[in-house]
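S.K.: Sending over a structure as structure tokens; questions will come in a sec.
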Amino acid sequence: MNKNYEHKETEAEIYAEWEKSGAFTPPSGDDVKKTGQKPFTVIMPPPNANDPLHVGHAMFVTIEDILVRFHRMKGEAVLWLPGTDHAGIETQFVFEKKLAKQGKSRFDFDRDTLYKMIWDYVHENSGVAIDQVKKLGASADWSRYKFTLDPEIVKEVTKTFIKLHEDGLIYRGVRLVNFCTKCGTAYSELEVDHEEREDKIYKINYGKLSVATTRPETMLGDVAVAVNPEDPRYKNLIGEKVTLPLVGREIPIVGDAMVDMEFGTGAVKITPTHDQNDWDVAVRQGWNMDEIVLNHQVIGTKGKMTANAGLYEGMNVSEAREKIVTDLGSALIETKPYTHSVGTCYRCHRTIEPLPMKQFFIKVKTLAENALKSLDTEESVVMGSGHDKILRHWLSNLRDWNVSRQIVWGIRMPVWYKDETKTEFVVSEMSPGKGYTQETDTFDTWFSSGQWPVVTLKTSKQGDFDVYYPTDVMETAYDILPFWVMRMMLLGIYMTGKSPFKCVYLHGLVRDEQGRKMSKSIGNVINPLELTDKYGADSLRMALVMSTTPGQDSNTGENKVRGMRNFGNKIWNAGRFITEMETPREGDSKSEGQEIVDGVRLPRHSAPRNDEFTGEGNENFKTKLQEVQKELTRLLEANKVGLAAESVYNEFWHWFCDESIENCKSGKVSLELLKNGYKSFLIMLHPFVPFVTESAWKEVFPQEGLLISANWPKE
RNA sequence: GGUCGCGUAGCUCAGCUGGUUAGAGCGCUGCAUUCACAUUGCAGAGGCCACUGGUUCGAAUCCAGUCGCGACCACCA
């Protein structure tokens with residue numbers, strides 16, 4: 001054996017051997033039914049198909065691989081199903097940036113051409129993420145690999161929408177949507193960020209009263225002024241009318257409890273087409289929303305003023321604001337600096353424009369109630385401090401889910417229109433007949449990934465869904481809890497009646513050694529591949545999970561990885577010690593026929609020490625080893641990966657190496673027993689550091705087959 | 001404004017279904033090297049487990065409050 005463990009000489013070869021051995025691929029569901037094996041399922045969170053790996057991916061690969069290898073060694077039918085996500089908006093955004101560099105925009109191409117271009121682009125890159133996941137040692141079943149745009153997946157996802165529609169859970173309606181005029185698409189409430197902005201607040205005289213606003217340009221679309229019905233200053237004015245400055249239109253004063261008497265002037269201009277609150281007020285007033293949208297939408301999807309804006313038509317929003325502020329003249333009473341938070345596009349960070357649009361919504365109320373129920377009954381359990389409460393909070397306050405996106409990169413909605421006005425629609429997988437045209441919108445990416453555990457298993461091998469669903473552990477970062485985990489619960493329960501996972505393991509975000517967020521501008525982003533290259537995949541894996549707690553952020557840097565590289569070397573060298581003890585060296589007089597005293601073969605360099613050896617050392621060794629195995633098994637059964645890693649690390653280094661090997665040298669523990677203990681430790685360490693343990697296994701136990709398929713010690 | 005989390009050795013973090021001398025990594029001090037590993041070993045320094053009060057025979061661990069830090073959510077026009 002080499003003096004030091006050289007990861008570069010072994011990793012690629014070992015991974016290929018594992019894959020070739022078939023250890024990654026469990027039997028089909030139908031075959032498992034016959035054998036009665038216990039199933040264990042993990043669905044891999046699908047990385048974006050065109051994304052290079054970041055440290056977060058390394059984190060989920062490590063944790064999931066640990067659990068998966070552990071259960072596989074226990075003899076269960078373990079399915080770890082990998083896949084990639086088309087990541088609609090993300091990917092289209094990246095692609096459009098690429099187009100922009102060539103001086104082009106998406107509007108230069110028709111739908112089909114654009115789709116084809118993005119498809120090619122994604123497929124050029126899609127191997128990258130997968131290769132990198134493999135480099136980290138992921139023992140996933142690549143024969144069951146899925147992509148969200150695989151035809152069979154698209155079909156299942158589409159069928160779900162059709163079923164939702166049949167069950168009356170889909171509606172199409174004009175609502176205010178969060179629209180990014182730059183990205184040209186609407187978003188769900190979750191995709192909107194909020195940023196503090198330094199702005200101005202304007203007080204404008206509307207005649208009988210004045211209003212305060214940060215968005216004077218929207219006054220062109222005002223339909224009313226609202227006051228609090230309890231407000232002594234204004235309650236008598238309710239029912240009267242004021243004249244809108246600049247426009248000259250008469251609008252009513254209405255009462256609505258939403259108005260805060262303390263804020264601003266206590267009177268709010270109501271622009272239903274460009275503000276969610278105002279929309280709600282108009283709905284409460286029972287007004288005709290179609291009419292309001294038709295006549296009073298003053299901002300369009302490109303961020304320019306519409307024909308309803310009269311003189312201001314064609315200006316973009318900020319120009320119109322400036323012009324209006326000037327034109328108001330004496331009607332503008334006051335301008336003050338004002339800091340408030342505004343909704344911004346999570347992708348491009350431009351201000352989100354609330355716009356009225358016809359969109360498809362899923363009614364989430366009953367779906368959310370069922371998800372809450374599965375948390376209450378502990379059908380699904382969340383691991384990660386405080387995040388079960390956060391999930392409950394989300395589920396209790398969810399708005400209907402806007403699933404239409406105005407982009408091409410995604411699954412096209414199975415919605416058909418007969419005539420050009422598109423007032424009537426039919427939901428159907430295929431065109432319902434001649435003359436129908438299909439909706440151009442695609443589904444929100446999370447609509448397909450929200451069905452991931454169900455649709456991957458349903459389209460996999462015979463019987464897979466029956467046996468491998470519900471999955472055992474869903475492991476992902478906590479920052480996509482509402483986007484993904486929650487949606488999987490909503491849709492999974494709807495589709496199957498069962499929550500898609502028994503346990504949600506939420507890992508924390510990985511920060512740099514000083515606890516700072518990783519960002520390109522600071523230059524502190526850890527590239528997992530660089531570290532893997534330098535120190536080996538095992539070292540990075542161990543560094544990521546040692547002493548981490550679900551839901552809690554952790555700080556990691558090169559120092560920690562280096563420390564874990566030393567650990568791998570330690571494992572290797574313990575094996576080297578054993579093989580060297582077993583093979584006497586030439587010219588070493590003491591090694592001729594190693595002495596055997598009371599059944600203990602003494603190491604070749606040690607003098608026999610009959611006086612000390614009583615056999616007690618062996619008994620203590622066996623007892624302790626059993627304790628270690630028991631404890632580690634308990635921790636892994638409970639998915640306590642961080643603690644398990646710490647425990648096995650300490651026991652191996654400080655007990656097995658520091659004490660037991662020394663005891664062996666001095667004849668207190670026999671070499672046979674030590675070797676057996678080493679074997680157990682390689683098995684126990686394997687889920688965490690698979691490469692070095694497999695390498696050492698080959699050297700020390702060459703007759704035993706692959707370690708990945710060895711049996712976990714029974715208690 | 002609301003919710004959640006965190007404050008333990010110089011640094012980064014475990015431990016917290018309450019129970020023997022509070023742990024690890026890195027760092028630090030001293031010693032050790034022809035006999036697995038210097039990517040090492042041995043020994044050691046270093047902690048009123050944020051603060052205050054409560055429950056208890058007993059609290060880093062449970063409860064309440066205070067202070068400090070962080071995250072998320074939110075329709076203040």
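Numbering starts fresh at 1 for the residues of each chain in the structure tokens, the chains themselves are lettered A, B, ... in the order given, and ligands are numbered from 1 as they appear.
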Using DSSP on the backbone coordinates, identify all residues within region 108-339 of chain A classified as helix (DSSP H, G or I); present the result as a PyMOL selection string.
M.R.: chain A and resi 108+111-135+142-144+151-166+189-191+216-221+235-237+272-274+276-285+289-296+307-312+317-331
S.K.: Which residues come within 12 Å of Lys630 (chain A), counting only C-alpha atoms (C1' of nucleotides), excluding same-chain residues fewer than 4 positions away, as a compact mmCIF listing (two decimals) with all heavy atoms, in the first residue's frame?
M.R.:
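Ended up saving to result_23.txt:
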# COMPACT_ATOMS: atom_id res chain seq x y z
N THR A 623 -16.68 -5.44 23.21
CA THR A 623 -17.80 -4.72 23.83
C THR A 623 -17.91 -3.30 23.29
O THR A 623 -18.97 -2.85 22.88
CB THR A 623 -17.60 -4.66 25.36
OG1 THR A 623 -17.30 -5.97 25.82
CG2 THR A 623 -18.84 -4.12 26.03
N LYS A 624 -16.78 -2.64 23.27
CA LYS A 624 -16.76 -1.26 22.80
C LYS A 624 -17.18 -1.17 21.34
O LYS A 624 -17.96 -0.30 20.95
CB LYS A 624 -15.35 -0.68 23.00
CG LYS A 624 -15.11 0.67 22.37
CD LYS A 624 -15.78 1.81 23.12
CE LYS A 624 -15.47 3.14 22.43
NZ LYS A 624 -16.12 4.28 23.08
N LEU A 625 -16.68 -2.10 20.54
CA LEU A 625 -17.04 -2.07 19.11
C LEU A 625 -18.54 -2.20 18.93
O LEU A 625 -19.15 -1.50 18.12
CB LEU A 625 -16.31 -3.18 18.36
CG LEU A 625 -16.55 -3.22 16.84
CD1 LEU A 625 -16.01 -1.95 16.19
CD2 LEU A 625 -15.90 -4.43 16.21
N GLN A 626 -19.13 -3.07 19.71
CA GLN A 626 -20.58 -3.23 19.62
C GLN A 626 -21.32 -1.97 20.01
O GLN A 626 -22.31 -1.61 19.39
CB GLN A 626 -21.03 -4.38 20.52
CG GLN A 626 -20.96 -5.71 19.80
CD GLN A 626 -21.64 -6.82 20.56
OE1 GLN A 626 -21.93 -6.65 21.75
NE2 GLN A 626 -21.89 -7.93 19.91
N ARG A 634 -28.19 3.70 15.44
CA ARG A 634 -29.31 4.47 16.00
C ARG A 634 -29.36 5.87 15.38
O ARG A 634 -30.41 6.36 14.99
CB ARG A 634 -29.12 4.59 17.53
CG ARG A 634 -30.28 5.22 18.27
CD ARG A 634 -29.95 5.38 19.76
NE ARG A 634 -28.93 6.37 20.02
CZ ARG A 634 -29.15 7.68 20.09
NH1 ARG A 634 -30.36 8.16 19.91
NH2 ARG A 634 -28.16 8.52 20.34
N LEU A 635 -28.20 6.51 15.29
CA LEU A 635 -28.16 7.88 14.75
C LEU A 635 -28.57 7.91 13.28
O LEU A 635 -29.30 8.80 12.85
CB LEU A 635 -26.76 8.47 14.92
CG LEU A 635 -26.35 8.79 16.36
CD1 LEU A 635 -24.87 9.13 16.44
CD2 LEU A 635 -27.19 9.94 16.91
N LEU A 636 -28.10 6.94 12.52
CA LEU A 636 -28.42 6.94 11.10
C LEU A 636 -29.88 6.58 10.86
O LEU A 636 -30.52 7.12 9.96
CB LEU A 636 -27.49 6.00 10.34
CG LEU A 636 -26.08 6.56 10.13
CD1 LEU A 636 -25.17 5.51 9.53
CD2 LEU A 636 -26.08 7.81 9.27
N GLU A 637 -30.41 5.69 11.68
CA GLU A 637 -31.84 5.36 11.56
C GLU A 637 -32.67 6.62 11.76
O GLU A 637 -33.72 6.79 11.15
CB GLU A 637 -32.27 4.35 12.64
CG GLU A 637 -31.58 3.01 12.60
CD GLU A 637 -32.29 2.00 11.73
OE1 GLU A 637 -33.21 2.41 11.01
OE2 GLU A 637 -31.90 0.82 11.76
N ALA A 644 -23.88 11.51 13.45
CA ALA A 644 -23.35 10.20 13.09
C ALA A 644 -21.92 10.36 12.57
O ALA A 644 -21.03 9.60 12.94
CB ALA A 644 -24.24 9.54 12.03
N SER A 647 -19.61 11.11 15.41
CA SER A 647 -19.43 9.95 16.27
C SER A 647 -18.46 8.94 15.66
O SER A 647 -17.51 8.49 16.31
CB SER A 647 -20.81 9.33 16.52
OG SER A 647 -20.69 8.00 16.88
N VAL A 648 -18.65 8.61 14.40
CA VAL A 648 -17.81 7.59 13.80
C VAL A 648 -16.38 8.12 13.61
O VAL A 648 -15.40 7.40 13.74
CB VAL A 648 -18.42 7.07 12.48
CG1 VAL A 648 -18.29 8.06 11.35
CG2 VAL A 648 -17.81 5.73 12.10
N SER A 680 -15.21 -3.81 10.36
CA SER A 680 -16.46 -3.16 10.79
C SER A 680 -16.40 -1.65 10.59
O SER A 680 -17.38 -1.03 10.17
CB SER A 680 -16.71 -3.44 12.28
OG SER A 680 -16.85 -4.81 12.49
N MET A 684 -18.79 0.89 8.54
CA MET A 684 -19.47 2.02 9.19
C MET A 684 -19.05 3.36 8.59
O MET A 684 -19.84 4.30 8.56
CB MET A 684 -19.17 2.01 10.68
CG MET A 684 -19.81 0.84 11.42
SD MET A 684 -19.70 1.04 13.20
CE MET A 684 -17.99 0.67 13.52
N TRP A 712 -24.24 -4.32 6.59
CA TRP A 712 -24.13 -3.51 7.81
C TRP A 712 -24.17 -4.46 9.01
O TRP A 712 -24.96 -5.41 9.01
CB TRP A 712 -25.29 -2.53 7.87
CG TRP A 712 -25.12 -1.48 8.93
CD1 TRP A 712 -25.65 -1.49 10.17
CD2 TRP A 712 -24.37 -0.28 8.81
NE1 TRP A 712 -25.28 -0.37 10.85
CE2 TRP A 712 -24.50 0.41 10.04
CE3 TRP A 712 -23.61 0.31 7.79
CZ2 TRP A 712 -23.87 1.64 10.28
CZ3 TRP A 712 -23.00 1.53 8.04
CH2 TRP A 712 -23.14 2.17 9.27
N PRO A 713 -23.31 -4.24 10.01
CA PRO A 713 -23.30 -5.16 11.16
C PRO A 713 -24.65 -5.18 11.88
O PRO A 713 -25.25 -4.14 12.11
CB PRO A 713 -22.21 -4.58 12.06
CG PRO A 713 -21.99 -3.19 11.60
CD PRO A 713 -22.32 -3.16 10.16
N LYS A 714 -25.08 -6.38 12.16
CA LYS A 714 -26.33 -6.51 12.92
C LYS A 714 -26.02 -6.39 14.40
O LYS A 714 -24.97 -6.80 14.86
CB LYS A 714 -26.97 -7.87 12.64
CG LYS A 714 -27.40 -8.03 11.20
CD LYS A 714 -28.78 -8.66 11.10
CE LYS A 714 -29.38 -8.49 9.72
NZ LYS A 714 -28.59 -9.16 8.67
N GLU A 715 -26.96 -5.87 15.12
CA GLU A 715 -26.71 -5.68 16.55
C GLU A 715 -26.83 -7.00 17.30
O GLU A 715 -27.60 -7.85 16.97
CB GLU A 715 -27.72 -4.69 17.12
CG GLU A 715 -27.41 -3.29 16.65
CD GLU A 715 -28.54 -2.33 17.04
OE1 GLU A 715 -29.09 -2.48 18.13
OE2 GLU A 715 -28.83 -1.44 16.23
S.K.: Counting only C-alpha atoms (C1' of nucleotides), which residues from chain B have an atom at most 9 Å from any atom of chain A, and could you show them as a PyMOL selection string?
M.R.: chain B and resi 3-6+11-14+24-26+35-37+39+41+72-73+75-77
S.K.: Could you list, as a list in words, every residue within 7 Å of Gly384 (chain A), counting only C-alpha atoms (C1' of nucleotides) and ignoring same-chain residues fewer than 4 positions away?
M.R.: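 My list of contacting residues is Tyr505, Leu506, Pro550 and Gly551 of chain A.
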S.K.: Looking only at strand (DSSP E) from DSSP on the backbone, list the matching residues of region 23-245 of chain A as a PyMOL selection string.
M.R.: chain A and resi 39-43+77-81+83-84+146-147+170-180+185-187+192-205+210-213+224-227+241-243
S.K.: Of the candidates B:C57, B:C28, B:U21, B:C16, which one gets nearest to A45 (chain B) if we count only C-alpha atoms (C1' of nucleotides)?
M.R.: B:C28
